[in-house]
Amino acid sequence: MSWDFLLQQFAAQFGLWWVIVPAILLGIVVGILPGFSPQNTLIMLLPLTLAVPVDQAMAFMIALYCANHLAGGIPAILVKIPGSGGAAATTLDGYPMTQKGQAQQALVLCFTASVAGGLITTLATIALLPWLSQIGLYLRSVEMVVVMLFGLTLIAVIAGKDTLKALIGGFFGLLIGVIGTDHIYNTPRATFGFLELYDGVPLVPALIGLFAISEALVMIEEKLIVDQSGRERAVSARWADTVEGLKMSVQKWWHIVWTSFVGLLIGLTPGAGASIAAFVAYQQSRLWSKTPELYGTGIPEGVIAPEAANNGVTSGTLVPTLALGVPGGSTAAVMMIVLQYHGMVMGPRLFATNPEVAYGVFVSMAVAYVFMIFTILPLARYMSRVVLIETTYLAPIIVLVTIVAAFGERQYLFDMGLALVFGVIGYIAHKTNYHVTAILIGILLGPLFEQYLVRALRISQGDLTVLFSSTLGNVLWGFLVLSLVLPALKSAFSRSSRPQP
Amino acid sequence: MKSPRGADLVIPALALGFAAYFFVSIADLSWEAKANGVVIGGVLVLLVVIQIVRTGVEVARGSGSLSFERLWEPRDALAKRAGLVLVTIAFIATLGWLGLTLGLLLALCAALWIMGARGKVLVLLPLVVSTLAYLLFVLLLKSDIPHGPIEKLFS
């Protein structure tokens with residue numbers, strides 16, 4: 001791969017602006033709505049992508065996919081409703097920033113972290129593609145068990161004052177996550193007799209219920225979702241606030257870089273997605289912070305980490321798809337169908353036979369991110385005005401529109417009812433300080449954790465020592481223990497170094 | 001003043017009930033199918049028992065009560081909250097007949113009225129939202145959401 005080849009690819013992709021910009025706008029609209037995942041949208045638009053030349057089809061799909069990842073953070077910040085599972089961790093600090101009247105700054109942080117994170121990891125992927133494609137082979141079920149545990153430890157991290165309540169919420173979520181057929185014999189477990197639960201609890205209705213509906217039921221207690229000072233700041237929002245958000249992003253540039261690489265590494269593993277990446281990045285960001293106690297109160301790092309990571313996943317997901325022919329996620333699977341329809345053979349040969357397609361995919365992603373920042377950044381100022389809408393109007397719209405969105409993922413009316421059930425559970429959790437994020441982490445990671453654990457145990461015929469049988473796995477175990485012990489050590493050290501009165 | 005702790009037991013009670021049902025449903029399955037659930041459910045039951053004991057100790061000491069007050073507070077929002085949930089149930093139940101556009105229009109009108117909105121906004125806002133929903137879900141994304149009289153009229 002020469003520089004000339006790369007420059008030609010970039011020039012060709014910039015020439016497809018007329019495909020990329022509409023795809024970005026559609027991706028943003030669909031990404032804001034929980035329930036309309038990029039894969040669903042791409043499946044619905046499959047007749048279009050199959051009908052046009054492959055370069056245009058890929059540019060369209062890639063731009064829509066990346067914009068979708070970015071847009072999930074917008075409702076997470078403004079109204080505490082993550083547009084996707086990958087944005088759930090963004091609510092932890094994004095929404096508190098909005099409540100403090102810093103919605104515009106939070107949105108700008110979300111956009112810059114997403115774009116910079118996505119761009120950096122895409123360029124890194126282009127440069128390191130032959131080596132990165134091998135990493136997925138080393139992350140097997142044993143190692144993935146430890147990666148899942150990294151995400152699950154966030155349950156304890158977000159506990160705040162009441163660890164017991166967070167653990168009850170987290171384990172309740174984990175048990176809900178085990179609903180459905182088991183991974184070996186496909187026998188149903190705790191499905192309440194509903195066929196719709198045989199595939200497990202669908203993520204979107206859980207996300208909509210626990211966050212959107214429960215939050216709407218709570219927000220009607222106040223006239224606005226922000227307090228008086230937050231209202232005044234939102235009313236007087238100026239372009240200077242966008243600039244302030246940009247300055248915050250520049251100051252935290254290293255944070256964007258390293259958390260986006262967390263996303264890239266997790267994205268390289270088929271099956272692991274943006275949700276686990278965002279939670280792991282948030283947990284690591286808090287772990288290495290000098291002020292971990294401020295996480296959850298509305299700080300820039302708490303927005304940057306999950307957003308940079310969930311966009312770092314985008315390029316990582318496509319590496320196993322193109323290099324190994326193993327789709328890294330459901331969206332990547334749809335893209336693979338389109339590429340195969342156009343006669344491309346996935347796997348290492350693709351880079352020799354059709355380098356313009358193989359590398360073009362990543363170049364297209366980089367170009368989409370460049371277009372995206374110019375498309376969306378000016379909108380932050382106007383989007384932040386959402387907080388000025390009275391809850392009298394906002395709450396009914398949120399409840400009814402997101403209930404419709406719950407239908408989107410699987411097209412079952414059952415899922416709308418399920419979202420309402422989760423909404424009531426989420427409301428009770430809100431009012432009694434059981435963290436809804438802890439419940440969601442359980443629902444999200446429970447099935448993945450079980451899948452990898454059972455697979456590892458099946459290979460070892462039930463021998464638990466298999467979990468400590470690989471070098472990489474043991475290194476990850478070491479990091480996991482370190483990440484659990486380090487906060488306690490730091491806290492003990494700061495107590496002992498504090499001058500005695 | 002006694003702190004109301006009864007509401008703190010609702011989530012543990014739900015968790016305990018669900019764990020019991022889960023154990024019954026997996027009783028006859030192979031170890032691969034139930035290992036994860038048994039471990040998670042076991043820990044959950046243990047955590048819930050600790051929470052119950054903790055609450056019981058507070059109540060016995062007289063510093064807490066078994067009141068559920070926190071779930072209903074503030075009282076003036078209770079009717080709105082219950083109304084919103086009922087409208088949503090009615091919306092889901094009638095979606096098959098009314099379709100997305102008409103169902104959303106009527107449900108949004110009712111929900112806004114319950115929330116205290118009056119005047120033109122009571123009609124205009126639902127009209128705008130249901131039209132946008134029709135354009136996005138029916139026309140653009142061609143979702144399989146149930147079609148009613150309005151969708152059939154424009155198809």
# chains A, B, ... in the order shown; residues from 1 in each chain; ligands from 1
>>> residues_around(residues="Leu44 of chain B", least_positions_apart="2", cutoff="8 Å", atoms="only C-alpha atoms", output="ChimeraX atom specification")
/A:168,171-172 /B:15-16,19,40-42,46-48
>>> interface_residues(of="chain A", to="chain B", cutoff="7 Å", atoms="only C-alpha atoms", output="list of chain:residue names")
A:Thr41, A:Met44, A:Ile168, A:Phe171, A:Phe172, A:Leu174, A:Leu175, A:Val178, A:Asp182, A:Arg189, A:Ala190, A:Leu217, A:Ile220, A:Glu221, A:Thr392, A:Tyr393, A:Pro396, A:Leu400, A:Gln411, A:Met416, A:Ile428, A:Ala429, A:Lys431, A:Thr432, A:Glu450, A:Val454
>>> write_last_selection(atoms="C-alpha atoms", output="PDB file, in the first residue's frame")
ATOM      1  CA  THR A  41     -31.818   0.732   9.064  1.00  0.00           C
ATOM      2  CA  MET A  44     -34.455  -1.716   5.420  1.00  0.00           C
ATOM      3  CA  ILE A 168     -28.630  -5.909  44.137  1.00  0.00           C
ATOM      4  CA  PHE A 171     -27.223  -8.976  40.049  1.00  0.00           C
ATOM      5  CA  PHE A 172     -30.948  -8.492  39.381  1.00  0.00           C
ATOM      6  CA  LEU A 174     -27.569 -10.223  35.455  1.00  0.00           C
ATOM      7  CA  LEU A 175     -30.322 -12.707  36.330  1.00  0.00           C
ATOM      8  CA  VAL A 178     -29.914 -15.086  31.757  1.00  0.00           C
ATOM      9  CA  ASP A 182     -29.193 -21.646  27.131  1.00  0.00           C
ATOM     10  CA  ARG A 189     -35.145 -20.597  31.141  1.00  0.00           C
ATOM     11  CA  ALA A 190     -37.496 -18.262  33.037  1.00  0.00           C
ATOM     12  CA  LEU A 217     -42.135   9.441  34.971  1.00  0.00           C
ATOM     13  CA  ILE A 220     -42.921  15.352  35.582  1.00  0.00           C
ATOM     14  CA  GLU A 221     -42.304  16.309  39.215  1.00  0.00           C
ATOM     15  CA  THR A 392     -45.661  18.897  30.506  1.00  0.00           C
ATOM     16  CA  TYR A 393     -44.882  18.444  26.790  1.00  0.00           C
ATOM     17  CA  PRO A 396     -45.642  12.426  27.045  1.00  0.00           C
ATOM     18  CA  LEU A 400     -45.048   7.509  23.594  1.00  0.00           C
ATOM     19  CA  GLN A 411     -40.896  -5.622  15.192  1.00  0.00           C
ATOM     20  CA  MET A 416     -43.565  -2.270  23.648  1.00  0.00           C
ATOM     21  CA  ILE A 428     -39.106   2.270  41.393  1.00  0.00           C
ATOM     22  CA  ALA A 429     -35.310   1.933  41.136  1.00  0.00           C
ATOM     23  CA  LYS A 431     -37.152   6.599  43.559  1.00  0.00           C
ATOM     24  CA  THR A 432     -35.390   4.169  45.891  1.00  0.00           C
ATOM     25  CA  GLU A 450     -22.511 -16.533  30.241  1.00  0.00           C
ATOM     26  CA  VAL A 454     -19.975 -21.688  29.244  1.00  0.00           C
TER      27      VAL A 454
END
>>> closest_residue(among="A:Ile441, A:Leu476, A:Val147, A:Ala305", to="Trp254 of chain A", atoms="only C-alpha atoms")
A:Ala305
>>> atom_distance(atom1="atom CA of Gly343 of chain A", atom2="atom CA of Phe5 of chain A")
22.0 Å
>>> residues_around(residues="Gly302 of chain A", least_positions_apart="4", cutoff="7 Å", atoms="only C-alpha atoms", output="PyMOL selection string")
chain A and resi 90+93+282+295
>>> residues_around(residues="Ala57 of chain A", least_positions_apart="3", cutoff="10 Å", atoms="only C-alpha atoms", output="list in words")
Val19, Ile20, Leu46, Leu48, Thr49, Leu50, Ala51, Val52, Pro53, Val54, Phe60, Met61, Ile62, Met335, Val338 and Leu339 of chain A
>>> atom_distance(atom1="atom CA of Ile425 of chain A", atom2="atom CA of Thr91 of chain A")
18.2 Å
